[in-house]
file coords-v3.cif (mmCIF, C-alpha atoms)
data_input
loop_
_atom_site.label_atom_id
_atom_site.label_comp_id
_atom_site.auth_asym_id
_atom_site.auth_seq_id
_atom_site.Cartn_x
_atom_site.Cartn_y
_atom_site.Cartn_z
CA MET A 1 122.40 42.46 124.44
CA THR A 2 119.01 41.16 123.40
CA ILE A 3 118.50 40.11 119.81
CA PRO A 4 115.78 42.33 118.28
CA TYR A 5 112.47 40.74 117.37
CA ARG A 6 112.04 40.80 113.60
CA GLY A 7 108.45 39.58 113.33
CA THR A 8 107.57 37.14 110.58
CA THR A 9 110.48 36.82 108.17
CA GLY A 10 109.12 34.28 105.69
CA ASP A 11 108.19 35.10 102.10
CA GLY A 12 110.68 37.93 101.83
CA ASN A 13 113.96 38.71 100.21
CA TYR A 14 116.64 40.15 102.51
CA PHE A 15 119.95 41.92 102.37
CA VAL A 16 121.94 40.54 105.33
CA THR A 17 125.25 41.58 106.86
CA SER A 18 127.06 39.81 109.67
CA SER A 19 130.43 40.73 111.14
CA THR A 20 133.17 38.74 112.76
CA PHE A 21 133.78 39.13 116.47
CA GLN A 22 135.29 42.57 117.15
CA LYS A 23 135.61 43.03 113.37
CA LYS A 24 138.73 40.86 113.30
CA ALA A 25 139.82 39.82 109.79
CA LEU A 26 139.08 36.14 110.41
CA LEU A 27 137.78 35.52 106.88
CA GLN A 28 140.78 36.89 104.98
CA SER A 29 142.47 33.53 104.34
CA GLU A 30 141.56 31.29 101.40
CA ARG A 31 140.62 28.41 103.69
CA MET A 32 138.29 30.44 105.92
CA ALA A 33 136.57 32.34 103.07
CA SER A 34 136.17 29.13 101.06
CA LEU A 35 134.74 27.32 104.08
CA LEU A 36 132.14 30.06 104.58
CA ILE A 37 131.17 29.89 100.90
CA ALA A 38 130.91 26.09 101.10
CA THR A 39 128.66 26.51 104.15
CA LEU A 40 126.46 29.01 102.28
CA ILE A 41 126.12 26.62 99.33
CA GLU A 42 125.49 23.60 101.56
CA TYR A 43 122.50 25.14 103.34
CA ARG A 44 121.23 26.54 100.06
CA ASN A 45 121.35 23.01 98.62
CA GLN A 46 119.48 21.75 101.69
CA GLN A 47 116.76 24.28 100.77
CA LYS A 48 117.01 26.35 103.94
CA TYR A 49 117.03 29.51 101.79
CA GLU A 50 117.44 30.71 98.25
CA LEU A 51 120.81 32.38 97.70
CA HIS A 52 120.81 35.23 95.17
CA GLU A 53 124.14 37.03 95.80
CA PHE A 54 126.99 36.96 98.32
CA VAL A 55 130.38 38.39 99.17
CA VAL A 56 132.76 37.26 101.91
CA MET A 57 134.92 40.14 103.10
CA PRO A 58 137.83 39.76 105.56
CA ASP A 59 135.68 40.80 108.55
CA HIS A 60 132.05 40.39 107.42
CA PHE A 61 129.75 38.98 104.79
CA HIS A 62 126.79 40.26 102.79
CA LEU A 63 123.99 38.13 101.35
CA LEU A 64 120.86 38.54 99.32
CA ILE A 65 118.67 35.62 100.38
CA THR A 66 115.08 34.48 100.47
CA PRO A 67 114.66 32.31 103.56
CA ILE A 68 112.60 29.15 103.36
CA VAL A 69 113.02 28.70 107.10
CA THR A 70 112.88 31.92 109.14
CA LEU A 71 115.58 34.49 108.49
CA GLU A 72 116.90 34.04 112.03
CA ARG A 73 117.18 30.26 111.53
CA ALA A 74 118.90 30.66 108.16
CA ILE A 75 121.56 32.97 109.62
CA GLN A 76 121.93 30.74 112.68
CA LEU A 77 122.62 27.78 110.38
CA ILE A 78 125.18 29.73 108.36
CA LYS A 79 127.06 31.22 111.32
CA GLY A 80 126.74 28.16 113.56
CA GLY A 81 127.58 25.70 110.79
CA PHE A 82 130.62 27.70 109.78
CA SER A 83 131.81 28.10 113.40
CA PHE A 84 131.47 24.37 114.04
CA ARG A 85 133.41 23.46 110.89
CA ALA A 86 136.12 26.10 111.42
CA GLY A 87 136.61 24.93 115.00
CA ARG A 88 136.81 21.29 113.99
CA LEU A 89 138.95 21.71 110.85
CA PHE A 90 141.18 24.65 111.76
CA ARG A 91 140.98 24.72 115.56
CA VAL A 92 139.80 28.32 115.57
CA PRO A 93 139.60 29.36 119.24
CA GLY A 94 137.00 31.69 120.76
CA ASN A 95 134.15 33.58 119.21
CA ILE A 96 133.98 33.97 115.47
CA TRP A 97 130.85 36.11 115.05
CA GLN A 98 129.38 39.23 116.54
CA THR A 99 126.02 38.58 118.17
CA SER A 100 123.05 39.12 115.85
CA PHE A 101 123.17 40.50 112.32
CA TYR A 102 121.89 43.40 110.25
CA ASP A 103 119.03 42.77 107.84
CA ARG A 104 116.97 44.84 105.48
CA ARG A 105 113.91 43.54 103.68
CA VAL A 106 114.14 44.11 99.93
CA ARG A 107 110.93 45.81 98.85
CA ASP A 108 111.24 46.05 95.09
CA ALA A 109 113.42 45.46 92.02
CA GLU A 110 115.20 48.82 92.41
CA GLU A 111 116.26 48.04 95.97
CA HIS A 112 117.36 44.57 94.94
CA GLN A 113 119.54 46.01 92.20
CA ALA A 114 121.06 48.56 94.60
CA PHE A 115 121.93 45.87 97.17
CA ARG A 116 123.26 43.62 94.41
CA GLN A 117 125.58 46.37 93.21
CA TYR A 118 126.66 47.10 96.78
CA ILE A 119 127.60 43.43 97.23
CA HIS A 120 129.49 43.30 93.94
CA TRP A 121 131.42 46.55 94.51
CA ASN A 122 132.18 46.12 98.24
CA PRO A 123 135.65 44.55 97.64
CA VAL A 124 136.50 47.37 95.20
CA LYS A 125 135.34 50.03 97.64
CA ARG A 126 137.53 48.48 100.35
CA GLY A 127 140.56 48.54 98.02
CA LEU A 128 140.95 44.76 97.78
CA VAL A 129 140.61 44.58 93.98
CA ARG A 130 140.08 46.90 91.01
CA SER A 131 136.97 45.22 89.61
CA PRO A 132 134.29 42.99 91.17
CA GLU A 133 135.21 40.04 88.93
CA GLU A 134 138.75 39.96 90.39
CA TYR A 135 137.53 39.20 93.92
CA GLY A 136 137.49 35.44 94.46
CA TYR A 137 135.04 35.28 97.35
CA SER A 138 131.84 36.56 95.81
CA SER A 139 128.99 35.39 93.64
CA VAL A 140 130.35 37.58 90.82
CA SER A 141 133.53 35.54 90.42
CA ARG A 142 132.23 32.10 91.47
CA SER A 143 130.44 29.61 89.30
CA ALA A 144 128.19 28.66 92.23
CA LYS A 145 124.60 28.05 91.24
CA LEU A 146 122.52 30.93 92.50
CA ASP A 147 118.76 31.04 92.76
CA PRO A 148 116.69 33.21 90.45
CA LEU A 149 114.99 36.28 91.84
CA PRO A 150 111.50 35.96 93.24
CA GLN A 151 109.01 37.03 90.55
CA ARG A 152 107.98 40.17 92.47
CA LEU A 153 111.58 41.45 92.37
CA LYS A 154 112.20 40.91 88.69
CA PRO A 155 112.53 44.18 86.79
CA ALA A 156 109.36 45.32 85.03
CA VAL A 157 111.05 44.80 81.64
CA ASP A 158 111.60 41.09 82.40
CA GLN A 159 107.99 40.75 83.52
CA GLU A 160 106.73 42.48 80.36
CA ILE A 161 108.86 40.20 78.17
CA GLY A 162 107.44 37.21 80.04
CA ARG A 163 103.87 38.44 79.48
CA SER A 164 104.59 39.09 75.77
CA ALA A 165 106.07 35.61 75.33
CA GLU A 166 103.08 34.08 77.12
CA ALA A 167 100.69 36.00 74.83
CA LEU A 168 102.52 34.67 71.74
CA LEU A 169 102.38 31.09 73.01
CA HIS A 170 98.76 31.26 74.18
CA PRO A 171 96.84 33.86 72.18
#
call {"tool": "encode", "arguments": {"input": "coords-v3.cif", "output": "structure tokens"}}
result
Amino acid sequence: MTIPYRGTTGDGNYFVTSSTFQKKALLQSERMASLLIATLIEYRNQQKYELHEFVVMPDHFHLLITPIVTLERAIQLIKGGFSFRAGRLFRVPGNIWQTSFYDRRVRDAEEHQAFRQYIHWNPVKRGLVRSPEEYGYSSVSRSAKLDPLPQRLKPAVDQEIGRSAEALLHP
């Protein structure tokens, strides 16, 4: 199957989903989920992308990211880096990931908030926990440093407060 051409993927914020090979629950153990989170944080720290939200489910993950490299390269680093480490550390045989991934460009603050809520509530919806904070493999329950939203995605209220503060400081 050919990977679809996505055009230019810089300067955007994206909701991304990628699944494990044949939707097997390869990420359900503490060591595998924690390794994927460590991989996400590592490439974020290397400034390959800005990481805004994430959740690692037993058979897939969801991200809200702003790529600094192309979106394709960012996901290749995450999936490839994780696969390499899992193979080396845990001797995981065979394929780990489905080919390609699903992405949706986030157009505005409303969409960002909807995707953010989807990420937070996905473990609850799947019956893994009763509240988002209880799920240990997400940005809700982790103290991982996340990146702030791009200015264009900040809610209008935040932007208005920023303009008001600026006007007070520099009349």
call {"tool": "closest_residue", "arguments": {"input": "coords-v3.cif", "among": "A:Ile75, A:Val129, A:Ile65, A:Leu36", "to": "Arg105 of chain A", "atoms": "all atoms listed in the file"}}
result
A:Ile65
call {"tool": "residues_around", "arguments": {"input": "coords-v3.cif", "residues": "Pro67 of chain A", "least_positions_apart": "5", "cutoff": "10 Å", "atoms": "all atoms listed in the file", "output": "number ranges by chain"}}
result
A: 9-14, 44, 47-51, 72-75
call {"tool": "resolve_selection", "arguments": {"input": "coords-v3.cif", "expression": "the PyMOL selection byres ((chain A and resi 135) around 10)", "output": "list in words"}}
result
Val55, Val56, Met57, His120, Trp121, Asn122, Pro123, Val124, Leu128, Val129, Arg130, Ser131, Pro132, Glu133, Glu134, Gly136, Tyr137, Ser138, Ser139, Val140, Ser141 and Arg142 of chain A
call {"tool": "resolve_selection", "arguments": {"input": "coords-v3.cif", "expression": "the PyMOL selection byres ((chain A and resi 113) around 12)", "output": "PyMOL selection string"}}
result
chain A and resi 15+52-53+64+106-112+114-120+149+153-155
call {"tool": "resolve_selection", "arguments": {"input": "coords-v3.cif", "expression": "the PyMOL selection byres ((chain A and resi 24) around 12)", "output": "CSV table (one decimal) with C-alpha atoms, in the frame of the given file"}}
result
chain,number,residue,atom,x,y,z
A,19,SER,CA,130.4,40.7,111.1
A,20,THR,CA,133.2,38.7,112.8
A,21,PHE,CA,133.8,39.1,116.5
A,22,GLN,CA,135.3,42.6,117.2
A,23,LYS,CA,135.6,43.0,113.4
A,25,ALA,CA,139.8,39.8,109.8
A,26,LEU,CA,139.1,36.1,110.4
A,27,LEU,CA,137.8,35.5,106.9
A,28,GLN,CA,140.8,36.9,105.0
A,57,MET,CA,134.9,40.1,103.1
A,58,PRO,CA,137.8,39.8,105.6
A,59,ASP,CA,135.7,40.8,108.6
A,60,HIS,CA,132.0,40.4,107.4
A,94,GLY,CA,137.0,31.7,120.8
A,95,ASN,CA,134.2,33.6,119.2
A,96,ILE,CA,134.0,34.0,115.5
A,97,TRP,CA,130.8,36.1,115.0
A,98,GLN,CA,129.4,39.2,116.5
call {"tool": "closest_residue", "arguments": {"input": "coords-v3.cif", "among": "A:Pro93, A:Thr39, A:Pro150, A:Arg88", "to": "Gln76 of chain A", "atoms": "only C-alpha atoms"}}
result
A:Thr39
call {"tool": "atom_distance", "arguments": {"input": "coords-v3.cif", "atom1": "atom CA of Val16 of chain A", "atom2": "atom CA of Glu30 of chain A"}}
result
22.0 Å
call {"tool": "closest_residue", "arguments": {"input": "coords-v3.cif", "among": "A:Gln151, A:Ser29, A:His62, A:Leu40", "to": "Phe82 of chain A", "atoms": "all atoms listed in the file"}}
result
A:Leu40
call {"tool": "closest_residue", "arguments": {"input": "coords-v3.cif", "among": "A:Ile68, A:Asp147, A:Tyr43, A:Arg126", "to": "Gly80 of chain A", "atoms": "all atoms listed in the file"}}
result
A:Tyr43
call {"tool": "decode", "arguments": {"input": "coords-v3.cif", "residues": "segment 55-113 of chain A", "atoms": "C-alpha atoms", "output": "compact mmCIF listing (two decimals), in the first residue's frame"}}
result
# COMPACT_ATOMS: atom_id res chain seq x y z
CA VAL A 55 -2.12 9.21 25.09
CA VAL A 56 -0.66 5.72 24.68
CA MET A 57 -3.42 3.14 24.42
CA PRO A 58 -2.81 -0.65 24.36
CA ASP A 59 -2.99 -0.81 20.54
CA HIS A 60 -2.48 2.77 19.32
CA PHE A 61 -1.45 6.27 20.28
CA HIS A 62 -2.84 9.76 19.74
CA LEU A 63 -0.80 12.97 19.63
CA LEU A 64 -1.32 16.67 19.21
CA ILE A 65 1.94 17.92 17.74
CA THR A 66 3.41 20.77 15.77
CA PRO A 67 6.21 19.35 13.64
CA ILE A 68 9.44 21.27 13.26
CA VAL A 69 10.62 18.69 10.75
CA THR A 70 7.94 17.39 8.37
CA LEU A 71 5.04 15.51 9.92
CA GLU A 72 6.10 12.34 8.11
CA ARG A 73 9.64 12.62 9.50
CA ALA A 74 8.38 13.28 13.03
CA ILE A 75 6.19 10.16 12.99
CA GLN A 76 8.97 8.13 11.36
CA LEU A 77 11.31 9.14 14.21
CA ILE A 78 8.73 8.23 16.86
CA LYS A 79 7.73 4.87 15.38
CA GLY A 80 11.21 3.93 14.17
CA GLY A 81 12.95 5.07 17.34
CA PHE A 82 10.50 3.16 19.49
CA SER A 83 10.76 0.00 17.34
CA PHE A 84 14.55 0.08 17.49
CA ARG A 85 14.59 0.50 21.28
CA ALA A 86 11.87 -2.11 21.90
CA GLY A 87 13.72 -4.60 19.72
CA ARG A 88 17.03 -3.96 21.43
CA LEU A 89 15.76 -3.78 25.03
CA PHE A 90 12.88 -6.25 25.01
CA ARG A 91 13.64 -8.40 21.96
CA VAL A 92 10.24 -7.66 20.44
CA PRO A 93 10.02 -9.79 17.27
CA GLY A 94 8.32 -8.77 14.02
CA ASN A 95 6.42 -5.68 13.07
CA ILE A 96 5.28 -3.30 15.75
CA TRP A 97 3.40 -0.67 13.71
CA GLN A 98 0.81 -0.58 10.98
CA THR A 99 2.12 1.14 7.85
CA SER A 100 1.37 4.87 7.73
CA PHE A 101 -0.72 6.84 10.20
CA TYR A 102 -3.85 8.96 10.36
CA ASP A 103 -3.47 12.72 10.63
CA ARG A 104 -5.80 15.68 10.75
CA ARG A 105 -4.61 19.26 10.57
CA VAL A 106 -5.99 21.32 13.46
CA ARG A 107 -7.56 24.43 11.98
CA ASP A 108 -8.61 26.46 14.99
CA ALA A 109 -8.89 26.62 18.79
CA GLU A 110 -12.24 24.79 18.81
CA GLU A 111 -10.83 21.83 16.89
CA HIS A 112 -7.78 21.77 19.12
CA GLN A 113 -9.97 21.63 22.21
